[in-house]
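Asks: Please see the structure below; I have some questions.
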Number of protein chains: 2
Amino acid sequence: MEIYHGDIVYSKDIKNLVEYKDSYIVVQDGIVEGIYETLPERYSNVEIIDFGGDVIIPAFTDLHTHAPQYPNRGLAMDEVLANWLDKYTFPLEEKFKDETYARDVYTAFVDDMIAHGTMHAVVFGTIHNKATDTLIDQLERHGIMSYVGKVNMDKNSPKYLLEDTQESIDKTELFLQKHIDKVYSKPILTPRFAPTCSFELLKELGNLMAKYKVGLQTHIVESKWEKEEAKKCFDGCRCDMQIYEDAGLLEYGPTIAAHFIYPSQEDIDILKKHNGIAVQCADATTNVIAGIMPTGLLLDNGINIGIGSDISAGQSLGIYIQIASAIRLSKIKSLYEKENRVISFAEAFYLGTKQGGSIFGNVGSFEKGYYFDALVIGGLEDKYQELKPVEVVERFCYAGEVKNIKYKFLRGKEI
Amino acid sequence: MEIYHGDIVYSKDIKNLVEYKDSYIVVQDGIVEGIYETLPERYSNVEIIDFGGDVIIPAFTDLHTHAPQYPNRGLAMDEVLANWLDKYTFPLEEKFKDETYARDVYTAFVDDMIAHGTMHAVVFGTIHNKATDTLIDQLERHGIMSYVGKVNMDKNSPKYLLEDTQESIDKTELFLQKHIDKVYSKPILTPRFAPTCSFELLKELGNLMAKYKVGLQTHIVESKWEKEEAKKCFDGCRCDMQIYEDAGLLEYGPTIAAHFIYPSQEDIDILKKHNGIAVQCADATTNVIAGIMPTGLLLDNGINIGIGSDISAGQSLGIYIQIASAIRLSKIKSLYEKENRVISFAEAFYLGTKQGGSIFGNVGSFEKGYYFDALVIGGLEDKYQELKPVEVVERFCYAGEVKNIKYKFLRGKEI
């Protein structure tokens, strides 16, 4: 049992951030037992670890990112999505045929993700099995709850990333078999997106889903280009989500729909029906000039949303920064499209912690029974005024840096 | 004389970033003498300070920020401009009637600005003389080239910030007289914005401009609300810029037009005629849901543009972050308004260094004769790939942190 003292902030629900000033959080076997403003007598023998005026918050969840694109973060920002893929991203992903290169990049990626306070993640690899084995092994070794996918691409792709359909299926089944019994980092089906996958491939992936009971991550209506391409590629296609439903790829969760920028009502209905979760990757979809997710509208439609860094369309692994960017983008969208409302800080923080974390079980909050996956943040206060704990957290999300994450805990253990 | 070795990047002009790999920059009395890939024989006796693979770039210029709003940075982001002023910003500015509070805040503000690599700035104070004296004194003591304004507000303001017109003029003249002979930090006229100033006040400020030959900073067409308010407040007003021209407030430079989000063609023509400079404060105008500057369109119209942090509508003093945000906003605007093109990284970096710096003379570049106001940036490279110096700079602007500014030089002296 451990007891930590400090200020404590977490999301109770989408509308409410809970704040405890000068309080105690009791953790038993890595799981939150309770929060107390005055410590009950029964804990009087337990040593207290004191964080003073620093604020204890849940660790973040990154629901969409591309580990192999990490070398390009903050670079090559001068193209729209389609050209950006061809010019910068596909050539980089080719390098992951080299397992040594993959290991070097993935080591740096996982270290940097943890440094940014992210302890749960849904991650794209590449088409390459050995490289993606390295990635999932790294995450498992660090105990990071995650879903990792070997990517499938059997059409409309550069030759060096193009798979034969059967080869793609076989390699995917191998990947599933190899990692299905991991404890923390689990495999997930990862067809890149509709334009690079044949329906035959998707249906075979659907069979693998039924056989292995794994989930799906992919890009859904990520740009107008992608949306139109999907319709061209699939006969009678009405919308992106329908393709995956028809292929049987929504039968098991989690269903991770990255971006979800231009959804039709049917996309929304299908995602909701299968309890999927859309991922807002605010800076990423701006950097590649894709568009802005209708976050407020989707939330009001009862859609679950998480936050993603989407390296390397996104520039950094900091989910806290993307929480602030998601708010800003909702503001811009509200200026141009009146039906889209602004989302609040409490909402955006909830998406990046409790809502995103929900696909991993009890993570992303500090209610009783939740894992103590936590960050202690500080160095954000001023000498001339006192901030409320929620204000410290807001400032951290808007203008925080890695140095403001002073301590990190994963299932109760300091890391 | 000093000689520094490393990679060197600066803007030659708006389209071209110049990059020198593994080169030498020779600085004489704080001024750049030249850059050499091979050091000329005549310098063989001078000691070389070696920054290895780190990159030497010009220090940044912040053309619009509110020092008294520093305590609210990264807080209170849930209102549109008009309400945000009433609810959060005006009450905070009232506190600057207390000189001690002002000194504490301004000390932290100036230290943090320098920590973020900004060495030239145009800064709003409050209506209070003593507090604003403290601010300009601080900047002067640090040798930061800057323009600082005592704010004028004689209508449509809360009682506690409302000045009598004559009192406002008298206090402004006092402020000018007191600071006009400073070496680095100079006074500038600072009517808050059209809705809070009577025409009588503006005309009297115009007389002070003629008498003291000082420039002007204010907010121009910052939001649709502000634009409409200005038209209501001034009889026969066609546009914001016309008000200032009519008041004689564009006769001396610099003319700093913060935001410039909804300019009419006449606004553009008047700003251009007087060689003014518009200021893009990307995150700030998004945070308060004001709108997006038509950056590409203005540049193509020959308008000068600089970058501003605009604390505390903006959340951080990092101009490098606002360079990346300016690019992103131009991308979003291009999606919604086809006549607005995307600006490039080279352009945005130029705005935040050489173009913004131009109002201070030879700062913001490393051409011969420019002040060596410089940052040495590092810690952005990867083990598994080599980045070009311009790529290091791009990554810094997209995802850099204060820790990546390893050394700072002001007119050749390390600070």
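Going through the structure tokens in order, the chains are called A, B, and so on, while each chain numbers its residues from 1 and the ligands are numbered from 1 in the order shown.
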Up to 8 Å from chain A, what residues of chain B turn up? Count only C-alpha atoms and give them as an mmCIF file with N, CA, C and O atoms, in the first residue's frame.

Replies:
data_model
loop_
_atom_site.group_PDB
_atom_site.id
_atom_site.type_symbol
_atom_site.label_atom_id
_atom_site.label_comp_id
_atom_site.auth_asym_id
_atom_site.auth_seq_id
_atom_site.Cartn_x
_atom_site.Cartn_y
_atom_site.Cartn_z
ATOM 1 N N PRO B 71 -0.026 36.535 -15.678
ATOM 2 C CA PRO B 71 -0.560 35.597 -14.668
ATOM 3 C C PRO B 71 -1.696 34.717 -15.187
ATOM 4 O O PRO B 71 -1.949 33.666 -14.621
ATOM 5 N N ARG B 73 -1.789 33.319 -18.253
ATOM 6 C CA ARG B 73 -1.402 32.484 -19.399
ATOM 7 C C ARG B 73 -1.831 31.024 -19.174
ATOM 8 O O ARG B 73 -1.655 30.474 -18.092
ATOM 9 N N GLY B 74 -2.400 30.446 -20.213
ATOM 10 C CA GLY B 74 -2.846 29.051 -20.122
ATOM 11 C C GLY B 74 -4.023 28.838 -19.194
ATOM 12 O O GLY B 74 -4.276 27.732 -18.744
ATOM 13 N N LEU B 75 -4.756 29.902 -18.911
ATOM 14 C CA LEU B 75 -5.934 29.805 -18.042
ATOM 15 C C LEU B 75 -7.091 30.546 -18.705
ATOM 16 O O LEU B 75 -6.880 31.375 -19.581
ATOM 17 N N ASP B 78 -12.263 29.959 -21.853
ATOM 18 C CA ASP B 78 -13.612 29.499 -22.187
ATOM 19 C C ASP B 78 -14.568 30.610 -22.615
ATOM 20 O O ASP B 78 -15.783 30.465 -22.498
ATOM 21 N N TYR B 101 3.009 44.406 -6.945
ATOM 22 C CA TYR B 101 2.475 43.289 -7.727
ATOM 23 C C TYR B 101 3.016 43.359 -9.155
ATOM 24 O O TYR B 101 3.470 42.364 -9.724
ATOM 25 N N ASP B 104 6.628 42.195 -9.425
ATOM 26 C CA ASP B 104 6.737 40.729 -9.330
ATOM 27 C C ASP B 104 6.346 40.067 -10.650
ATOM 28 O O ASP B 104 7.042 39.176 -11.144
ATOM 29 N N VAL B 105 5.224 40.496 -11.201
ATOM 30 C CA VAL B 105 4.753 39.882 -12.445
ATOM 31 C C VAL B 105 5.718 40.189 -13.589
ATOM 32 O O VAL B 105 6.103 39.306 -14.361
ATOM 33 N N ASP B 283 -2.303 31.227 -31.985
ATOM 34 C CA ASP B 283 -3.069 30.524 -30.954
ATOM 35 C C ASP B 283 -3.965 31.485 -30.179
ATOM 36 O O ASP B 283 -5.078 31.124 -29.774
ATOM 37 N N THR B 286 -7.234 32.208 -31.821
ATOM 38 C CA THR B 286 -8.065 31.011 -31.789
ATOM 39 C C THR B 286 -8.625 30.791 -30.387
ATOM 40 O O THR B 286 -9.807 30.497 -30.224
ATOM 41 N N ASN B 287 -7.770 30.945 -29.381
ATOM 42 C CA ASN B 287 -8.216 30.726 -27.999
ATOM 43 C C ASN B 287 -9.417 31.603 -27.631
ATOM 44 O O ASN B 287 -10.303 31.165 -26.905
ATOM 45 N N ILE B 289 -11.494 32.790 -29.806
ATOM 46 C CA ILE B 289 -12.492 32.577 -30.863
ATOM 47 C C ILE B 289 -12.699 33.850 -31.691
ATOM 48 O O ILE B 289 -13.831 34.230 -32.017
ATOM 49 N N GLY B 291 -10.785 34.625 -34.718
ATOM 50 C CA GLY B 291 -10.702 34.333 -36.144
ATOM 51 C C GLY B 291 -9.264 34.080 -36.568
ATOM 52 O O GLY B 291 -8.376 33.940 -35.723
ATOM 53 N N GLN B 315 -1.080 31.430 -24.965
ATOM 54 C CA GLN B 315 -0.820 30.677 -23.747
ATOM 55 C C GLN B 315 0.647 30.637 -23.346
ATOM 56 O O GLN B 315 0.960 30.259 -22.225
ATOM 57 N N SER B 316 1.534 31.009 -24.234
ATOM 58 C CA SER B 316 2.963 30.835 -23.949
ATOM 59 C C SER B 316 3.767 31.910 -24.658
ATOM 60 O O SER B 316 3.338 32.463 -25.669
ATOM 61 N N ARG B 328 -0.119 26.325 -39.443
ATOM 62 C CA ARG B 328 -1.334 25.504 -39.309
ATOM 63 C C ARG B 328 -2.594 26.314 -39.586
ATOM 64 O O ARG B 328 -3.494 25.862 -40.285
ATOM 65 N N LEU B 329 -2.644 27.527 -39.033
ATOM 66 C CA LEU B 329 -3.858 28.336 -39.252
ATOM 67 C C LEU B 329 -4.013 28.714 -40.715
ATOM 68 O O LEU B 329 -5.135 28.793 -41.226
ATOM 69 N N LYS B 331 -3.225 26.884 -43.099
ATOM 70 C CA LYS B 331 -3.734 25.663 -43.734
ATOM 71 C C LYS B 331 -5.248 25.546 -43.525
ATOM 72 O O LYS B 331 -5.990 25.227 -44.451
ATOM 73 N N ILE B 332 -5.678 25.790 -42.301
ATOM 74 C CA ILE B 332 -7.119 25.708 -42.035
ATOM 75 C C ILE B 332 -7.865 26.757 -42.853
ATOM 76 O O ILE B 332 -8.897 26.478 -43.458
ATOM 77 N N LEU B 335 -8.493 25.833 -46.316
ATOM 78 C CA LEU B 335 -9.571 24.847 -46.509
ATOM 79 C C LEU B 335 -10.936 25.520 -46.612
ATOM 80 O O LEU B 335 -11.809 25.066 -47.340
ATOM 81 N N TYR B 336 -11.106 26.599 -45.836
ATOM 82 C CA TYR B 336 -12.415 27.256 -45.775
ATOM 83 C C TYR B 336 -12.539 28.430 -46.750
ATOM 84 O O TYR B 336 -13.627 28.759 -47.186
ATOM 85 N N SER B 344 4.585 28.913 -46.005
ATOM 86 C CA SER B 344 5.617 27.883 -45.842
ATOM 87 C C SER B 344 6.368 28.073 -44.528
ATOM 88 O O SER B 344 6.278 29.128 -43.888
ATOM 89 N N PHE B 345 7.151 27.059 -44.144
ATOM 90 C CA PHE B 345 7.969 27.194 -42.944
ATOM 91 C C PHE B 345 8.977 28.328 -43.111
ATOM 92 O O PHE B 345 9.186 29.125 -42.182
ATOM 93 N N ASP B 382 18.229 12.870 -33.640
ATOM 94 C CA ASP B 382 17.984 11.459 -33.361
ATOM 95 C C ASP B 382 19.286 10.683 -33.514
ATOM 96 O O ASP B 382 20.182 11.102 -34.236
ATOM 97 N N LYS B 383 19.324 9.536 -32.860
ATOM 98 C CA LYS B 383 20.531 8.705 -32.964
ATOM 99 C C LYS B 383 20.606 7.977 -34.296
ATOM 100 O O LYS B 383 21.677 7.612 -34.764
ATOM 101 N N TYR B 384 19.466 7.709 -34.885
ATOM 102 C CA TYR B 384 19.390 6.803 -36.032
ATOM 103 C C TYR B 384 19.300 7.505 -37.380
ATOM 104 O O TYR B 384 19.061 6.876 -38.407
ATOM 105 N N GLN B 385 19.410 8.842 -37.383
ATOM 106 C CA GLN B 385 19.365 9.556 -38.664
ATOM 107 C C GLN B 385 20.034 10.912 -38.487
ATOM 108 O O GLN B 385 20.132 11.433 -37.382
ATOM 109 N N GLU B 391 16.189 21.299 -40.834
ATOM 110 C CA GLU B 391 15.220 20.355 -40.245
ATOM 111 C C GLU B 391 15.229 20.455 -38.717
ATOM 112 O O GLU B 391 14.186 20.357 -38.076
ATOM 113 N N GLU B 394 13.156 23.428 -37.995
ATOM 114 C CA GLU B 394 11.729 23.156 -38.206
ATOM 115 C C GLU B 394 11.168 22.344 -37.036
ATOM 116 O O GLU B 394 10.113 22.667 -36.485
ATOM 117 N N ARG B 395 11.898 21.303 -36.643
ATOM 118 C CA ARG B 395 11.424 20.489 -35.514
ATOM 119 C C ARG B 395 11.351 21.328 -34.240
ATOM 120 O O ARG B 395 10.433 21.164 -33.435
ATOM 121 N N PHE B 396 12.314 22.210 -34.069
ATOM 122 C CA PHE B 396 12.290 23.090 -32.891
ATOM 123 C C PHE B 396 11.019 23.940 -32.878
ATOM 124 O O PHE B 396 10.354 24.078 -31.845
ATOM 125 N N CYS B 397 10.682 24.512 -34.026
ATOM 126 C CA CYS B 397 9.496 25.381 -34.061
ATOM 127 C C CYS B 397 8.212 24.586 -33.867
ATOM 128 O O CYS B 397 7.257 25.075 -33.268
ATOM 129 N N TYR B 398 8.185 23.362 -34.338
ATOM 130 C CA TYR B 398 6.965 22.555 -34.183
ATOM 131 C C TYR B 398 6.856 21.935 -32.798
ATOM 132 O O TYR B 398 5.761 21.857 -32.237
ATOM 133 N N ALA B 399 7.959 21.473 -32.265
ATOM 134 C CA ALA B 399 7.842 20.649 -31.050
ATOM 135 C C ALA B 399 8.931 20.958 -30.031
ATOM 136 O O ALA B 399 9.191 20.157 -29.140
ATOM 137 N N GLU B 401 11.075 22.810 -26.930
ATOM 138 C CA GLU B 401 10.792 23.252 -25.569
ATOM 139 C C GLU B 401 11.925 24.185 -25.154
ATOM 140 O O GLU B 401 12.971 24.235 -25.800
#

Asks: Wanna dump the stretch 117-230 of chain A-stretch 355-358 of chain A contacts at 12 Å for me, each residue with its shortest atom pair and the distance in Å to one decimal, counting only C-alpha atoms, ordered by chain and number, as a Markdown table?

Replies:
| residue | atom | partner | partner_atom | distance |
| --- | --- | --- | --- | --- |
| A:Thr118 | CA | A:Gly357 | CA | 10.4 |
| A:Met119 | CA | A:Gly357 | CA | 9.3 |
| A:His120 | CA | A:Gly357 | CA | 6.9 |
| A:Ala121 | CA | A:Gly357 | CA | 8.6 |
| A:Val122 | CA | A:Gly356 | CA | 9.9 |
| A:Ile144 | CA | A:Gly357 | CA | 12.0 |
| A:Met145 | CA | A:Gly357 | CA | 9.5 |
| A:Ser146 | CA | A:Gly357 | CA | 10.1 |
| A:Tyr147 | CA | A:Gly357 | CA | 11.9 |

Asks: How many Å separate atom CA of A:Gln217 from atom CA of A:Ile31?

Replies: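 It comes out at 28.3 Å.
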
Asks: According to DSSP computed on the backbone, where in stretch 298-332 of chain B is there alpha helix (DSSP H)? Give the residues as a VMD selection string.

Replies: chain B and resid 298 to 300 319 to 332

Asks: Those residues you just picked out, can you put them in a file as a CSV table (one decimal), in the first residue's frame with N, CA and C atoms?

Replies:
chain,number,residue,atom,x,y,z
B,298,LEU,N,-2.4,38.5,-47.2
B,298,LEU,CA,-1.7,39.8,-46.8
B,298,LEU,C,-0.3,39.8,-47.3
B,299,LEU,N,0.4,38.7,-47.2
B,299,LEU,CA,1.8,38.7,-47.7
B,299,LEU,C,1.8,39.0,-49.2
B,300,ASP,N,0.8,38.4,-49.9
B,300,ASP,CA,0.8,38.6,-51.4
B,300,ASP,C,0.4,40.0,-51.7
B,319,ILE,N,7.7,32.2,-29.3
B,319,ILE,CA,7.4,32.6,-30.6
B,319,ILE,C,7.6,31.4,-31.6
B,320,TYR,N,8.5,30.5,-31.3
B,320,TYR,CA,8.8,29.4,-32.2
B,320,TYR,C,7.5,28.6,-32.3
B,321,ILE,N,6.8,28.4,-31.2
B,321,ILE,CA,5.5,27.6,-31.3
B,321,ILE,C,4.5,28.4,-32.2
B,322,GLN,N,4.5,29.7,-32.1
B,322,GLN,CA,3.5,30.5,-32.8
B,322,GLN,C,3.9,30.5,-34.3
B,323,ILE,N,5.1,30.3,-34.6
B,323,ILE,CA,5.5,30.1,-36.1
B,323,ILE,C,4.8,28.9,-36.6
B,324,ALA,N,4.9,27.8,-35.9
B,324,ALA,CA,4.2,26.6,-36.4
B,324,ALA,C,2.7,26.7,-36.4
B,325,SER,N,2.2,27.4,-35.4
B,325,SER,CA,0.8,27.6,-35.3
B,325,SER,C,0.3,28.5,-36.5
B,326,ALA,N,1.1,29.5,-36.8
B,326,ALA,CA,0.7,30.4,-38.0
B,326,ALA,C,0.6,29.6,-39.3
B,327,ILE,N,1.5,28.6,-39.4
B,327,ILE,CA,1.4,27.8,-40.6
B,327,ILE,C,0.1,26.9,-40.6
B,328,ARG,N,-0.1,26.3,-39.4
B,328,ARG,CA,-1.3,25.5,-39.3
B,328,ARG,C,-2.6,26.3,-39.6
B,329,LEU,N,-2.6,27.5,-39.0
B,329,LEU,CA,-3.9,28.3,-39.3
B,329,LEU,C,-4.0,28.7,-40.7
B,330,SER,N,-2.9,29.0,-41.4
B,330,SER,CA,-3.0,29.3,-42.8
B,330,SER,C,-3.6,28.1,-43.6
B,331,LYS,N,-3.2,26.9,-43.1
B,331,LYS,CA,-3.7,25.7,-43.7
B,331,LYS,C,-5.2,25.5,-43.5
B,332,ILE,N,-5.7,25.8,-42.3
B,332,ILE,CA,-7.1,25.7,-42.0
B,332,ILE,C,-7.9,26.8,-42.9

Asks: How many Å lie between atom CA of B:Leu85 and atom CA of B:Glu173, rounded to one decimal?

Replies: 26.3 Å

Asks: So that I can see what lies close to B:Asp29, please list as a VMD selection string the residues with an atom at most 12 Å from it, counting only C-alpha atoms and leaving out residues fewer than 6 positions away in the same chain.

Replies: chain B and resid 1 to 3 369 to 373 410 to 413

Asks: Write out as a PyMOL selection string the residues lying within 12 Å of stretch 32-46 of chain B, counting only C-alpha atoms and excluding same-chain residues fewer than 4 positions away.

Replies: chain B and resi 1-10+18-28+56+58+362-374+410-412

Asks: Just the residues within 7 Å of B:Asn404, please, counting only C-alpha atoms, with nothing from its chain fewer than 6 positions along; format it as number ranges by chain.

Replies: B: 377-379

Asks: Fewer than 6 positions away in the same chain doesn't count, so skip those; otherwise give me all residues within 10 Å of stretch 226-231 of chain B, counting only C-alpha atoms, as a list in words.

Replies: Leu81, Ala82, Phe193, Ala194, Pro195, Thr196, Cys197, His219, Ile220, Cys237, Arg238, Cys239, Asp240, Ile243, Ile261, Tyr262, Pro263 and Ala290 of chain B

Asks: Please, what distance in Å, to one decimal, runs between atom CA of B:Glu251 and atom CA of B:Pro187?

Replies: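 Between atom CA of B:Glu251 and atom CA of B:Pro187 the gap is 15.7 Å.
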